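Peer 1: This structure is in structure tokens; I'll ask about it shortly.
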Amino acid sequence: MAVSVEGMPAPSAAPLANERPSEQSLKCSHKREWEAYWAAGGIAHDQSGPAEALRELVEDHRWLLPRGRCLVAGCGRGYDALYLAQRGHACVAIDFCDAAVASAQKLLDSAGDPLPGKLTIAVQDFFTFRPPLRFTLAYEYGLFSAIHPSQRQLWAETYARLVMPQGTLIVLLYPLIGRGQPPPYRVTMAECELYLKRYFVLVRVDPNCRCIEGQEGNELLSVWKRL
């Protein structure tokens, strides 16, 4: 049965006690950039459905994803979160932009009941998200490139905190080719591995993952296991 934002803790607007003013300023500035993106319609990176690379991993390669709690961070319109819920996962989808979460909620409402799994959608800052339980599976498409490069170490530390030991993290990297003014920022597999290798072991990488037309060579799928 589908569920929405009920029961999720409200995000805090106050700075963390140990957060330096410069970090808070960066966070506010970056959030404004993404809010402006969604205010303009949020269509530049919209693929109108779940990521082809995720579908390929699950349907063609029949990769066994662990059951249990699943996190989709930086969920955007929620296509991937809904896809995973439709395949029986209990998903929590978060994004720090109100408009993104509203779009994801609209998608969920149009999906109808019942879902084989369930999907909870909430406005949350990934870095300060503290759920009561850790996740057996986490997935993201483009969050690594959406955040400021100075936040990448914290990004890895946050996944290490949120994913339980032996849990799975799927990172779909995009864009590998720099186009236009960031964000999103151009990323590489080497950068991703640099930050994650302390906490996760790489178990699969696909530089030729399936993608929509026009994105060839611009995406890379990686699967990690929590140490």
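In the structure tokens, chains take the letters A, B, ... in the order shown, each chain's residues start at 1, and ligands count up from 1 in the order shown.
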Check the DSSP output for the backbone and give back, as a compact mmCIF listing (two decimals) with N, CA and C atoms, in the first residue's frame, the residues of region 128-176 of chain A in strand (DSSP E or B).
Peer 2:
```
# COMPACT_ATOMS: atom_id res chain seq x y z
N PHE A 135 19.40 1.43 6.33
CA PHE A 135 18.84 0.86 5.10
C PHE A 135 19.68 -0.32 4.62
N THR A 136 18.98 -1.32 4.06
CA THR A 136 19.70 -2.44 3.43
C THR A 136 20.07 -2.12 1.99
N LEU A 137 19.39 -1.15 1.40
CA LEU A 137 19.63 -0.75 0.01
C LEU A 137 19.50 0.76 -0.10
N ALA A 138 20.44 1.37 -0.80
CA ALA A 138 20.34 2.80 -1.12
C ALA A 138 20.64 2.98 -2.61
N TYR A 139 19.96 3.91 -3.21
CA TYR A 139 20.11 4.17 -4.66
C TYR A 139 20.09 5.66 -4.91
N GLU A 140 20.90 6.09 -5.83
CA GLU A 140 20.85 7.48 -6.27
C GLU A 140 21.19 7.58 -7.75
N TYR A 141 20.57 8.56 -8.37
CA TYR A 141 20.88 8.88 -9.76
C TYR A 141 21.22 10.37 -9.80
N VAL A 163 23.59 3.32 5.48
CA VAL A 163 23.52 1.94 4.94
C VAL A 163 24.09 0.97 5.96
N MET A 164 23.36 -0.08 6.25
CA MET A 164 23.80 -1.04 7.25
C MET A 164 24.95 -1.90 6.72
N PRO A 165 25.75 -2.49 7.60
CA PRO A 165 26.84 -3.38 7.15
C PRO A 165 26.32 -4.47 6.22
N GLN A 166 27.05 -4.70 5.14
CA GLN A 166 26.71 -5.65 4.08
C GLN A 166 25.54 -5.17 3.21
N GLY A 167 25.07 -3.96 3.47
CA GLY A 167 24.02 -3.40 2.63
C GLY A 167 24.57 -2.97 1.28
N THR A 168 23.68 -2.65 0.36
CA THR A 168 24.04 -2.31 -1.02
C THR A 168 23.77 -0.85 -1.32
N LEU A 169 24.71 -0.23 -2.01
CA LEU A 169 24.57 1.14 -2.50
C LEU A 169 24.74 1.13 -4.01
N ILE A 170 23.76 1.66 -4.72
CA ILE A 170 23.82 1.78 -6.19
C ILE A 170 23.97 3.25 -6.52
N VAL A 171 25.04 3.59 -7.22
CA VAL A 171 25.31 4.98 -7.61
C VAL A 171 25.33 5.05 -9.14
N LEU A 172 24.37 5.75 -9.69
CA LEU A 172 24.34 5.99 -11.13
C LEU A 172 24.91 7.38 -11.37
N LEU A 173 26.14 7.40 -11.88
CA LEU A 173 26.86 8.66 -12.08
C LEU A 173 26.41 9.36 -13.36
```
Peer 1: Extract, using only C-alpha atoms, all DNA, RNA and protein residues at most 8 Å from Phe144 (chain A), discarding same-chain residues fewer than 4 positions from it, and format them as a PDB file with N, CA and C atoms, in the first residue's frame.
Peer 2:
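Output file selection.pdb is given in full below:
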```
ATOM      1  N   ARG A 152      31.576  16.243  -1.056  1.00  0.00           N
ATOM      2  CA  ARG A 152      31.645  14.839  -1.461  1.00  0.00           C
ATOM      3  C   ARG A 152      32.140  13.908  -0.355  1.00  0.00           C
ATOM      4  N   TRP A 155      29.235  13.383   1.748  1.00  0.00           N
ATOM      5  CA  TRP A 155      28.316  12.500   1.015  1.00  0.00           C
ATOM      6  C   TRP A 155      28.638  11.039   1.305  1.00  0.00           C
ATOM      7  N   LEU A 173      26.139   7.403 -11.882  1.00  0.00           N
ATOM      8  CA  LEU A 173      26.856   8.657 -12.081  1.00  0.00           C
ATOM      9  C   LEU A 173      26.406   9.360 -13.356  1.00  0.00           C
ATOM     10  N   VAL A 187      31.365  14.558 -13.168  1.00  0.00           N
ATOM     11  CA  VAL A 187      31.914  13.610 -12.199  1.00  0.00           C
ATOM     12  C   VAL A 187      32.660  12.489 -12.932  1.00  0.00           C
ATOM     13  N   CYS A 192      34.335   9.162  -7.467  1.00  0.00           N
ATOM     14  CA  CYS A 192      33.364   8.419  -6.670  1.00  0.00           C
ATOM     15  C   CYS A 192      34.064   7.369  -5.811  1.00  0.00           C
TER      16      CYS A 192
END
```
Peer 1: Please identify which residues in region 77-170 of chain A DSSP calls helix (DSSP H, G or I) from the backbone, and express them as a PyMOL selection string.
Peer 2: chain A and resi 79-86+98-111+126-128+143-146+149-162
Peer 1: Could you tell me how far CA of Leu194 (chain A) lies from CA of Ala160 (chain A), in Å and to one decimal?
Peer 2: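 According to the coordinates, CA of Leu194 (chain A) and CA of Ala160 (chain A) are separated by 13.9 Å.
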Peer 1: Between CA of Pro182 (chain A) and CA of Phe96 (chain A), what distance in Å does the model show, to one decimal?
Peer 2: 17.7 Å
Peer 1: Counting only C-alpha atoms, what is within 8 Å of region 206-222 of chain A, bar same-chain residues fewer than 5 positions away, as number ranges by chain?
Peer 2: A: 47, 51-53, 56, 170-177, 189
Peer 1: The selected residues should be written to file as a compact mmCIF listing (two decimals), in the first residue's frame (atoms: N, CA and C atoms).
Peer 2:
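Contents of again.txt, as written:
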```txt
# COMPACT_ATOMS: atom_id res chain seq x y z
N GLN A 47 13.74 12.34 -17.50
CA GLN A 47 13.74 11.27 -18.50
C GLN A 47 12.37 10.61 -18.64
N ALA A 51 15.32 5.24 -14.59
CA ALA A 51 16.59 5.22 -15.32
C ALA A 51 16.76 3.90 -16.06
N GLU A 52 17.16 3.98 -17.31
CA GLU A 52 17.36 2.78 -18.11
C GLU A 52 18.43 1.87 -17.48
N ALA A 53 19.45 2.47 -16.89
CA ALA A 53 20.51 1.67 -16.28
C ALA A 53 20.00 0.86 -15.10
N GLU A 56 17.93 -2.00 -16.53
CA GLU A 56 18.83 -3.00 -17.10
C GLU A 56 19.44 -3.87 -16.00
N ILE A 170 23.76 1.66 -4.72
CA ILE A 170 23.82 1.78 -6.19
C ILE A 170 23.97 3.25 -6.52
N VAL A 171 25.04 3.59 -7.22
CA VAL A 171 25.31 4.98 -7.61
C VAL A 171 25.33 5.05 -9.14
N LEU A 172 24.37 5.75 -9.69
CA LEU A 172 24.34 5.99 -11.13
C LEU A 172 24.91 7.38 -11.37
N LEU A 173 26.14 7.40 -11.88
CA LEU A 173 26.86 8.66 -12.08
C LEU A 173 26.41 9.36 -13.36
N TYR A 174 26.24 10.67 -13.23
CA TYR A 174 25.83 11.53 -14.36
C TYR A 174 26.05 12.97 -13.91
N PRO A 175 26.60 13.83 -14.75
CA PRO A 175 27.13 13.62 -16.10
C PRO A 175 28.64 13.34 -16.06
N LEU A 176 29.08 12.47 -16.93
CA LEU A 176 30.52 12.21 -17.09
C LEU A 176 31.15 13.22 -18.04
N ILE A 177 30.30 13.87 -18.83
CA ILE A 177 30.75 14.88 -19.79
C ILE A 177 30.21 16.23 -19.34
N MET A 189 34.27 8.25 -12.28
CA MET A 189 34.26 7.06 -11.43
C MET A 189 35.40 7.11 -10.42
```
Peer 1: Which of these, A:Leu162, A:Leu65, A:Leu84, A:Ile94, has the shortest distance to Pro50 (chain A) once you count only C-alpha atoms?
Peer 2: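 Nearest candidate to Pro50 (chain A) out of A:Leu162, A:Leu65, A:Leu84, A:Ile94: A:Leu84.
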Peer 1: Pick out the closest residue to Cys28 (chain A) from this set: A:Leu82, A:Cys91, A:Leu115, A:Ile147. Count only C-alpha atoms.
Peer 2: A:Ile147
Peer 1: Quick one: residues within 9 Å of Val203 (chain A), only C-alpha atoms counted, chain neighbours fewer than 4 positions away excluded, as a PyMOL selection string?
Peer 2: chain A and resi 222-225
Peer 1: Go ahead and save the picked residues with N, CA and C atoms, as a PDB file, in the first residue's frame.
Peer 2:
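Dumped everything to out_16.pdb:
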```pdb
ATOM      1  N   SER A 222      27.417   2.017 -10.876  1.00  0.00           N
ATOM      2  CA  SER A 222      28.285   1.282  -9.965  1.00  0.00           C
ATOM      3  C   SER A 222      27.467   0.728  -8.808  1.00  0.00           C
ATOM      4  N   VAL A 223      27.865  -0.468  -8.348  1.00  0.00           N
ATOM      5  CA  VAL A 223      27.192  -1.124  -7.219  1.00  0.00           C
ATOM      6  C   VAL A 223      28.242  -1.387  -6.151  1.00  0.00           C
ATOM      7  N   TRP A 224      27.909  -1.047  -4.919  1.00  0.00           N
ATOM      8  CA  TRP A 224      28.836  -1.120  -3.798  1.00  0.00           C
ATOM      9  C   TRP A 224      28.235  -1.909  -2.645  1.00  0.00           C
ATOM     10  N   LYS A 225      29.097  -2.560  -1.868  1.00  0.00           N
ATOM     11  CA  LYS A 225      28.658  -3.244  -0.648  1.00  0.00           C
ATOM     12  C   LYS A 225      29.309  -2.581   0.556  1.00  0.00           C
TER      13      LYS A 225
END
```
